[in-house]
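The structure appears below as structure tokens.
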Number of protein chains: 2
Amino acid sequence: MAGNHNRPMFAPLRNDTFLRACLRQPTTHTPMWLMRQAGRYLPEYRATRVKAGNSFMGLATNVPYATEVTLQPLERYALDAAILFSDILTVPDAMGLGLSFGAGEGPKFAHPVRDEAAVAALQVPDLDKLRYVFDAVTSIRRALDGRVPLIGFSGSPWTLACYMVEGGGSDDYRLVKSMLYGRPDLMHRILDVNARAVTAYLNAQVDAGAQALMVFDSWGGVLADGAFQRFSLDYTRRVVAGLQRHKDGQRIPVIVFTKGGGPWLPEIADCGADVVGLDWTVNLGRARAAVGAKVALQGNLDPAVLFAPPEAVAREAVAVLDSFGPPQRADGGWDGHVFNLGHGISQHTPPEHVTALVEAVHAHSRRLRNPG
Amino acid sequence: MAGNHNRPMFAPLRNDTFLRACLRQPTTHTPMWLMRQAGRYLPEYRATRVKAGNSFMGLATNVPYATEVTLQPLERYALDAAILFSDILTVPDAMGLGLSFGAGEGPKFAHPVRDEAAVAALQVPDLDKLRYVFDAVTSIRRALDGRVPLIGFSGSPWTLACYMVEGGGSDDYRLVKSMLYGRPDLMHRILDVNARAVTAYLNAQVDAGAQALMVFDSWGGVLADGAFQRFSLDYTRRVVAGLQRHKDGQRIPVIVFTKGGGPWLPEIADCGADVVGLDWTVNLGRARAAVGAKVALQGNLDPAVLFAPPEAVAREAVAVLDSFGPPQRADGGWDGHVFNLGHGISQHTPPEHVTALVEAVHAHSRRLRNPG
């Protein structure tokens with residue numbers, strides 16, 4: 001069974017609210033999940049991480065541990081989707097760039113891509129090097145046993161390129177933007193390789209059992225208008241166009257999330273995705289009016305709200321739901337809203353505040369559908 | 001003369017292009033200046049800083065040094081405005097919070113404002129504590145001798161509050177947002193004090209000789225839609241409403257710049273300012289179509305463009321000017337564009353790339369007005 005990854009058999013899905021909202025179909029409540037929901041704010045996550053040698057990649061590359069931590073938030077909270085526990089930088093790591101995480105630091109690449117020779121040497125990696133990811137997808141899907149759908153994901157071509165050129169995080173993106181403006185030919189070559197790699201990587205996640213896909217364009221928002229379209233969105237669009245969108249008779253929704261992408265919402269909504277993720281700067285009601293007939297929207301509570309007392313958390317969650325409004329339109333059709341944060345949940349979040357959030361979202365979104 | 005700050009006599013202005021563009025009057029070229037134009041990318045700045053004990057506040061509090069560094073970029077480049085050399089955190093420092101700059105670090109406050117008692121103790125500072133700023137304004141205006149106008153500035157009430165509560169910079173604004181969502185009453189009290197202090201501070205800069213004013217809402221863009229309007233823009237609006245807008249028969253233009261404020265452009269354009277600053281994520285042409293009949297626009301080149309070779313710098317500068325288009329409208333009236341970066345110039349900028357930028361902006365903007 002474990003060796004037969006191309007035709008896994010999975011239990012039927014019992015809660016498809018998330019998939020339905022992604023596809024703008026009727027739902028009884030607004031589904032929710034949280035970016036980085038399996039994470040350091042949970043004591044049980046920290047305990048598993050200790051077992052894995054206190055290493056992020058130790059967790060991500062170990063199939064039983066990755067499965068365990070993916071399911072932890074679902075044990076605590078009535079979330080409507082699970083997301084693969086992994087990192088956005090697995091693909092460049094498989095390209096040979098040498099990913100590591102220093103203690104208390106962000107990701108680092110031992111071999112950043114900064115000159116013509118390094119760019120020329122770049123290749124779509126052998127997917128066998130990412131087998132641990134696909135095995136985790138299959139293992140998690142089995143462990144979910146049909147409870148909620150499993151989301152697979154990748155970084156966008158541009159976001160991966162930022163890390164690959166900078167060699168890690170950056171405040172000013174000096175190296176990658178110097179290349180973009182000074183040697184656009186090199187930048188386009190990196191993005192082309194990344195787009196092909198990300199497409200293959202996401203399709204393999206679907207083969208392994210992922211029921212929805214998300215592209216994290218975490219750094220698209222640092223680009224200038226014009227550059228964003230040419231160096232980020234065009235390559236995200238290529239990825240989306242190359243994805244398998246049906247598996248075993250089910251539509252595989254694709255979510256594209258550009259942090260800071262508010263100014264480009266109409267263009268992002270045209271990239272072929274089913275769902276556009278929004279950060280908290282965007283007015284959900286105005287976004288729905290602009291693009292809600294074309295895509296579902298995901299978001300967009302400020303994760304910092306979760307630092308406030310539970311009453312404030314509930315109040316702000318209600319405000320987000322009310323901003324979108326009842327998903328059923330006056331004409332009887334449905335628009336789609338998936339509740340989420342506008343960024344990953346902070347490690348400093350008190351876990352009981354998330355309880356208040358989930359209860360508020362589910363209760364108020366049912367009221368929105370059945371007023372009075 | 002030095003003792004008579006309320007009625008200084010200044011030389012007549014020889015280049016009023018910047019003021020005219022701010023007020024949407026006809027101009028022969030698009031005026032330009034650069035945020036943080038007096039700064040570490042200039043070797044002459046670094047030399048003066050060494051004389052001042054290699055201390056930022058040593059420079060800012062010393063009137064001759066502050067005058068010297070303010071004028072340095074004007075000696076190198078044909079810029080159309082000067083901006084007071086100072087820091088946005090002088091006001092909370094004067095409130096007694098104890099500002100310091102560690103070596104290679106950002107600003108720190110010894111006494112951050114984090115509890116009810118600290119908030120209650122907060123008061124509009126005695127403006128005499130900021131005398132060094134007003135003296136610098138008068139000294140710089142004299143030294144400019146009418147060459148170009150002098151811009152005074154302040155941080156916005158919200159941006160000051162971020163630093164005051166966090167005690168310095170922050171990645172996640174955890175403390176200030178916890179207060180905002182959990183104790184909005186305390187946050188409103190801080191913002192009220194800040195708004196009154198900033199208004200008095202800016203008016204005193206006008207009395208000392210400032211010919212335009214800019215409010216830096218550097219951290220408005222980290223707020224959620226809804227929270228931005230209530231906790232940032234409402235207080236900026238109060239400041240703008242309290243400013244003296246004429247001095248010696250001249251209109252004093254006010255510029256409001258919210259980094260990341262693109263999603264709220266129509267609301268920001270209604271805050272009473274003459275000019276709205278834009279970062280590089282905003283499409284200038286669309287912004288002009290939306291609000292150009294109400295306010296002039298300032299921006300919006302990505303400062304990272306200046307890392308690229310001079311030909312690329314010139315090309316991107318032309319793209320920004322073309323995005324705004326010829327400022328004279330088809331109906332014969334004029335819209336206003338002040339060329340700038342979308343954020344402060346980086347210390348890593350090669351000074352000769354700025355030469356290429358200034359030449360490209362001035363040459364191409366003249367061509368835009370006289371095509372063919």
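Going by the structure tokens order, chains are called A, B, ..., each with residues numbered from 1, while ligands are numbered from 1 in the order shown.
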
- [ ] Could you please write out, as number ranges by chain, every residue of region 191-341 of chain A that DSSP assigns to strand (DSSP E)?
- [x] A: 212-217, 246-247, 250-251, 254-258, 275-277, 296-301, 337-341

Just write the chosen residues, C-alpha atoms, as a CSV table (one decimal), in the first residue's frame.
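As written to disk, out-v2.csv reads:
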```csv
chain,number,residue,atom,x,y,z
A,212,ALA,CA,-6.7,21.7,-3.0
A,213,LEU,CA,-3.6,23.7,-3.8
A,214,MET,CA,-2.3,27.0,-2.6
A,215,VAL,CA,0.5,29.2,-4.1
A,216,PHE,CA,2.1,31.5,-1.5
A,217,ASP,CA,3.4,34.6,-3.3
A,246,HIS,CA,-9.5,17.4,-11.4
A,247,LYS,CA,-8.7,14.2,-9.7
A,250,GLN,CA,-13.3,16.1,-7.9
A,251,ARG,CA,-12.3,19.6,-8.8
A,254,VAL,CA,-6.3,26.5,-6.5
A,255,ILE,CA,-5.7,29.4,-4.1
A,256,VAL,CA,-3.3,32.2,-4.9
A,257,PHE,CA,-2.2,34.5,-2.1
A,258,THR,CA,0.0,37.6,-2.7
A,275,VAL,CA,-9.6,31.5,-4.8
A,276,VAL,CA,-7.6,34.7,-4.1
A,277,GLY,CA,-6.2,35.1,-0.6
A,296,ALA,CA,-13.8,33.0,-4.1
A,297,LEU,CA,-11.9,35.1,-1.5
A,298,GLN,CA,-9.9,33.8,1.4
A,299,GLY,CA,-9.0,35.9,4.5
A,300,ASN,CA,-8.4,38.3,6.1
A,301,LEU,CA,-8.2,38.8,9.8
A,337,HIS,CA,-15.6,33.1,1.4
A,338,VAL,CA,-13.1,31.0,3.2
A,339,PHE,CA,-12.2,32.6,6.6
A,340,ASN,CA,-8.5,32.8,7.4
A,341,LEU,CA,-5.9,35.1,8.7
```

Task: 7 Å contact set for region 304-306 of chain A, only C-alpha atoms, chain neighbours under 6 positions out, as an NGL selection string - done: (:A and (313 or 349 or 353)) or (:B and (174 or 177-178 or 181))

Open item on the list: Should the cut-off be 10 Å, what would the residue list for chain A against chain B look like, counting only C-alpha atoms, as an NGL selection string?
Closed with: :A and (172-183 or 220-228 or 260-264 or 279-284 or 300-313 or 315-316 or 319-320 or 342 or 346 or 348-349)

- [ ] Name all residues at most 7 Å from Ile345 (chain A) (count only C-alpha atoms; drop same-chain ones fewer than 4 positions away) and give them as a PyMOL selection string.
- [x] chain A and resi 34-37+303

Task: Residues within 10 Å of Ala210 (chain B), only C-alpha atoms, excluding chain neighbours under 2 positions, as a VMD selection string - done: chain B and resid 82 to 84 134 137 to 138 140 to 141 149 to 153 202 to 208 212 to 213 247 252

Output N, CA and C atoms for every residue in the selection just made, as an mmCIF file, in the first residue's frame.
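Final output, result01.cif:
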```
data_model
loop_
_atom_site.group_PDB
_atom_site.id
_atom_site.type_symbol
_atom_site.label_atom_id
_atom_site.label_comp_id
_atom_site.auth_asym_id
_atom_site.auth_seq_id
_atom_site.Cartn_x
_atom_site.Cartn_y
_atom_site.Cartn_z
ATOM 1 N N ALA B 82 14.422 70.871 -0.531
ATOM 2 C CA ALA B 82 15.242 70.378 0.578
ATOM 3 C C ALA B 82 14.291 69.906 1.667
ATOM 4 N N ILE B 83 14.740 68.953 2.473
ATOM 5 C CA ILE B 83 13.923 68.534 3.610
ATOM 6 C C ILE B 83 14.781 68.587 4.860
ATOM 7 N N LEU B 84 14.213 69.186 5.877
ATOM 8 C CA LEU B 84 14.843 69.268 7.189
ATOM 9 C C LEU B 84 15.514 67.954 7.557
ATOM 10 N N PHE B 134 13.520 73.688 15.505
ATOM 11 C CA PHE B 134 13.071 74.953 14.888
ATOM 12 C C PHE B 134 14.272 75.824 14.514
ATOM 13 N N VAL B 137 15.544 74.513 11.315
ATOM 14 C CA VAL B 137 14.700 74.942 10.194
ATOM 15 C C VAL B 137 15.103 76.345 9.742
ATOM 16 N N THR B 138 15.215 77.261 10.706
ATOM 17 C CA THR B 138 15.564 78.648 10.353
ATOM 18 C C THR B 138 16.958 78.721 9.739
ATOM 19 N N ILE B 140 18.602 76.367 8.136
ATOM 20 C CA ILE B 140 18.613 75.759 6.795
ATOM 21 C C ILE B 140 17.947 76.695 5.786
ATOM 22 N N ARG B 141 16.834 77.277 6.188
ATOM 23 C CA ARG B 141 16.135 78.186 5.268
ATOM 24 C C ARG B 141 17.050 79.345 4.885
ATOM 25 N N PRO B 149 12.588 75.333 -2.031
ATOM 26 C CA PRO B 149 11.819 75.383 -0.783
ATOM 27 C C PRO B 149 12.286 74.328 0.228
ATOM 28 N N LEU B 150 11.991 74.603 1.485
ATOM 29 C CA LEU B 150 12.354 73.706 2.586
ATOM 30 C C LEU B 150 11.098 73.012 3.124
ATOM 31 N N ILE B 151 11.158 71.690 3.183
ATOM 32 C CA ILE B 151 10.047 70.884 3.701
ATOM 33 C C ILE B 151 10.312 70.553 5.173
ATOM 34 N N GLY B 152 9.337 70.853 6.035
ATOM 35 C CA GLY B 152 9.380 70.369 7.410
ATOM 36 C C GLY B 152 8.579 69.083 7.517
ATOM 37 N N PHE B 153 8.720 68.335 8.594
ATOM 38 C CA PHE B 153 7.992 67.061 8.665
ATOM 39 C C PHE B 153 7.826 66.565 10.091
ATOM 40 N N LEU B 202 4.467 70.901 13.928
ATOM 41 C CA LEU B 202 4.523 71.294 12.518
ATOM 42 C C LEU B 202 4.263 72.789 12.360
ATOM 43 N N ASN B 203 3.315 73.319 13.127
ATOM 44 C CA ASN B 203 3.061 74.764 13.033
ATOM 45 C C ASN B 203 4.288 75.568 13.456
ATOM 46 N N ALA B 204 5.001 75.073 14.456
ATOM 47 C CA ALA B 204 6.222 75.775 14.884
ATOM 48 C C ALA B 204 7.293 75.691 13.803
ATOM 49 N N GLN B 205 7.317 74.610 13.035
ATOM 50 C CA GLN B 205 8.273 74.527 11.923
ATOM 51 C C GLN B 205 7.938 75.564 10.845
ATOM 52 N N VAL B 206 6.655 75.767 10.610
ATOM 53 C CA VAL B 206 6.264 76.809 9.647
ATOM 54 C C VAL B 206 6.696 78.179 10.165
ATOM 55 N N ASP B 207 6.459 78.435 11.453
ATOM 56 C CA ASP B 207 6.896 79.715 12.026
ATOM 57 C C ASP B 207 8.399 79.906 11.869
ATOM 58 N N ALA B 208 9.133 78.798 11.938
ATOM 59 C CA ALA B 208 10.600 78.879 11.861
ATOM 60 C C ALA B 208 11.104 78.985 10.427
ATOM 61 N N ALA B 212 6.762 73.929 3.285
ATOM 62 C CA ALA B 212 5.834 72.832 2.997
ATOM 63 C C ALA B 212 5.983 71.870 4.163
ATOM 64 N N LEU B 213 4.982 71.015 4.354
ATOM 65 C CA LEU B 213 5.013 70.079 5.479
ATOM 66 C C LEU B 213 4.679 68.677 4.986
ATOM 67 N N LYS B 247 1.511 81.400 5.022
ATOM 68 C CA LYS B 247 2.526 82.130 5.791
ATOM 69 C C LYS B 247 3.113 83.161 4.840
ATOM 70 N N ILE B 252 1.108 76.937 2.244
ATOM 71 C CA ILE B 252 2.027 75.905 2.744
ATOM 72 C C ILE B 252 1.440 74.546 2.384
#
```

- [ ] Please provide as JSON, numbers by chain all residues within 7 Å of Ala269 (chain A), with the sequence filter that same-chain residues fewer than 3 positions apart are discarded (counting only C-alpha atoms).
- [x] {"A": [265, 266, 273, 276, 291, 295]}

- [ ] Identify which of the residues A:Ala136, A:Glu267, A:Leu233, A:Ala200 lies closest to Ala290 (chain A), counting only C-alpha atoms when measuring atom-to-atom distances.
- [x]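 Ranked by minimum distance to Ala290 (chain A), first place goes to A:Glu267.
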
Open item on the list: Would you pick out the contacts of region 157-163 of chain B at 10 Å or less, using only C-alpha atoms, so that residues sharing its chain but fewer than 6 positions from it are not included, and give the list as an NGL selection string?
Closed with: :B and (88-92 or 107-109 or 112-113 or 169-170 or 173-177 or 187-188 or 190-199 or 215-221 or 223 or 228 or 231-236 or 238-239 or 258)

Selection export as a JSON list (two decimals), in the first residue's frame, atoms kept: C-alpha atoms:
```json
[["chain", "number", "residue", "atom", "x", "y", "z"],
["B", 88, "ILE", "CA", 10.45, 61.31, 13.11],
["B", 89, "LEU", "CA", 10.84, 60.45, 16.81],
["B", 90, "THR", "CA", 11.85, 63.86, 18.17],
["B", 91, "VAL", "CA", 8.33, 64.46, 19.51],
["B", 92, "PRO", "CA", 8.07, 61.35, 21.74],
["B", 107, "PRO", "CA", 15.72, 53.74, 17.49],
["B", 108, "LYS", "CA", 14.97, 52.66, 21.06],
["B", 109, "PHE", "CA", 12.89, 54.28, 23.79],
["B", 112, "PRO", "CA", 7.94, 52.79, 26.35],
["B", 113, "VAL", "CA", 4.24, 53.49, 26.95],
["B", 169, "GLY", "CA", 10.94, 48.94, 15.62],
["B", 170, "SER", "CA", 8.88, 45.76, 15.36],
["B", 173, "TYR", "CA", 3.53, 45.20, 16.08],
["B", 174, "ARG", "CA", 2.38, 42.81, 18.76],
["B", 175, "LEU", "CA", 2.34, 45.23, 21.66],
["B", 176, "VAL", "CA", 0.77, 48.18, 19.90],
["B", 177, "LYS", "CA", -1.86, 46.04, 18.18],
["B", 187, "MET", "CA", -4.73, 53.77, 22.19],
["B", 188, "HIS", "CA", -7.11, 56.64, 21.45],
["B", 190, "ILE", "CA", -2.11, 58.20, 23.04],
["B", 191, "LEU", "CA", -3.22, 59.19, 19.56],
["B", 192, "ASP", "CA", -5.05, 62.23, 20.84],
["B", 193, "VAL", "CA", -1.95, 63.48, 22.66],
["B", 194, "ASN", "CA", 0.19, 62.71, 19.62],
["B", 195, "ALA", "CA", -2.15, 64.54, 17.25],
["B", 196, "ARG", "CA", -2.07, 67.67, 19.37],
["B", 197, "ALA", "CA", 1.71, 67.47, 19.75],
["B", 198, "VAL", "CA", 2.33, 66.88, 16.04],
["B", 199, "THR", "CA", 0.06, 69.78, 15.07],
["B", 215, "VAL", "CA", 3.40, 63.78, 7.57],
["B", 216, "PHE", "CA", 5.11, 60.37, 7.46],
["B", 217, "ASP", "CA", 2.57, 57.67, 8.26],
["B", 218, "SER", "CA", 5.27, 55.05, 7.83],
["B", 219, "TRP", "CA", 3.38, 52.30, 9.65],
["B", 220, "GLY", "CA", -0.22, 53.03, 8.63],
["B", 221, "GLY", "CA", 0.05, 50.20, 6.12],
["B", 223, "LEU", "CA", -3.13, 48.19, 10.03],
["B", 228, "PHE", "CA", -6.41, 52.13, 9.58],
["B", 231, "PHE", "CA", -6.46, 54.69, 14.42],
["B", 232, "SER", "CA", -4.31, 56.29, 11.74],
["B", 233, "LEU", "CA", -6.17, 58.33, 9.15],
["B", 234, "ASP", "CA", -8.62, 59.99, 11.57],
["B", 235, "TYR", "CA", -5.72, 61.40, 13.58],
["B", 236, "THR", "CA", -3.74, 62.43, 10.52],
["B", 238, "ARG", "CA", -7.01, 66.07, 12.74],
["B", 239, "VAL", "CA", -3.39, 67.13, 12.39],
["B", 258, "THR", "CA", 1.17, 56.29, 4.13]]
```

- [ ] Using only C-alpha atoms, determine which residues lie at most 9 Å from Phe56 (chain B), disregarding the query and same-chain residues fewer than 6 positions distant; provide the list as a PyMOL selection string.
- [x] chain B and resi 49+86-87+101

Any chance you can output those residues with C-alpha atoms as a PDB file, in the first residue's frame?
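Written file, result05.pdb:
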```pdb
ATOM      1  CA  ARG B  49      28.551  62.390  10.917  1.00  0.00           C
ATOM      2  CA  SER B  86      15.821  65.334  11.620  1.00  0.00           C
ATOM      3  CA  ASP B  87      14.145  62.198  12.937  1.00  0.00           C
ATOM      4  CA  PHE B 101      20.127  54.920  18.661  1.00  0.00           C
TER       5      PHE B 101
END
```

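Atom pair CA of Val148 (chain A) / CA of Asp80 (chain A): separated by 5.8 Å.
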
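Picture a line from CA of Arg237 (chain B) to CA of Gln25 (chain B); it runs 23.8 Å.
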
Open item on the list: Quick check, in Å to one decimal: how far apart do CA of Val119 (chain A) and CA of Glu352 (chain B) lie?
Closed with: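 Taking CA of Val119 (chain A) and CA of Glu352 (chain B), their separation equals 28.3 Å.
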
Open item on the list: With distances taken over only C-alpha atoms, which residue among B:Gly106, B:Gln347, B:Met164, B:Asp335 lies nearest Arg46 (chain B)?
Closed with: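 Using only C-alpha atoms, the shortest distance to Arg46 (chain B) belongs to B:Gln347.
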
TODO: Going by DSSP on the backbone, which bits of region 133-170 of chain B are alpha helix (DSSP H)? Write them as a ChimeraX atom specification, please.
DONE: /B:133-144,157-166

Dump C-alpha atoms for the selected residues as a compact mmCIF listing (two decimals), in the first residue's frame?
```
# COMPACT_ATOMS: atom_id res chain seq x y z
CA VAL B 133 14.56 71.49 15.47
CA PHE B 134 13.07 74.95 14.89
CA ASP B 135 16.52 76.53 15.03
CA ALA B 136 17.69 74.04 12.39
CA VAL B 137 14.70 74.94 10.19
CA THR B 138 15.56 78.65 10.35
CA SER B 139 19.26 78.00 9.81
CA ILE B 140 18.61 75.76 6.80
CA ARG B 141 16.13 78.19 5.27
CA ARG B 142 18.74 80.94 5.55
CA ALA B 143 21.47 78.74 4.10
CA LEU B 144 19.23 77.78 1.19
CA PRO B 157 0.23 60.13 15.39
CA TRP B 158 -0.13 56.39 14.67
CA THR B 159 3.46 55.92 13.52
CA LEU B 160 4.74 57.68 16.64
CA ALA B 161 2.43 55.49 18.76
CA CYS B 162 3.92 52.33 17.22
CA TYR B 163 7.39 53.30 18.38
CA MET B 164 6.15 54.62 21.72
CA VAL B 165 4.38 51.37 22.64
CA GLU B 166 6.80 48.90 21.05
```

- [ ] Could you check which of B:Thr48, B:Ser154, B:Gln229, B:Ser55 is closest to Thr70 (chain B), using only C-alpha atoms?
- [x] B:Thr48
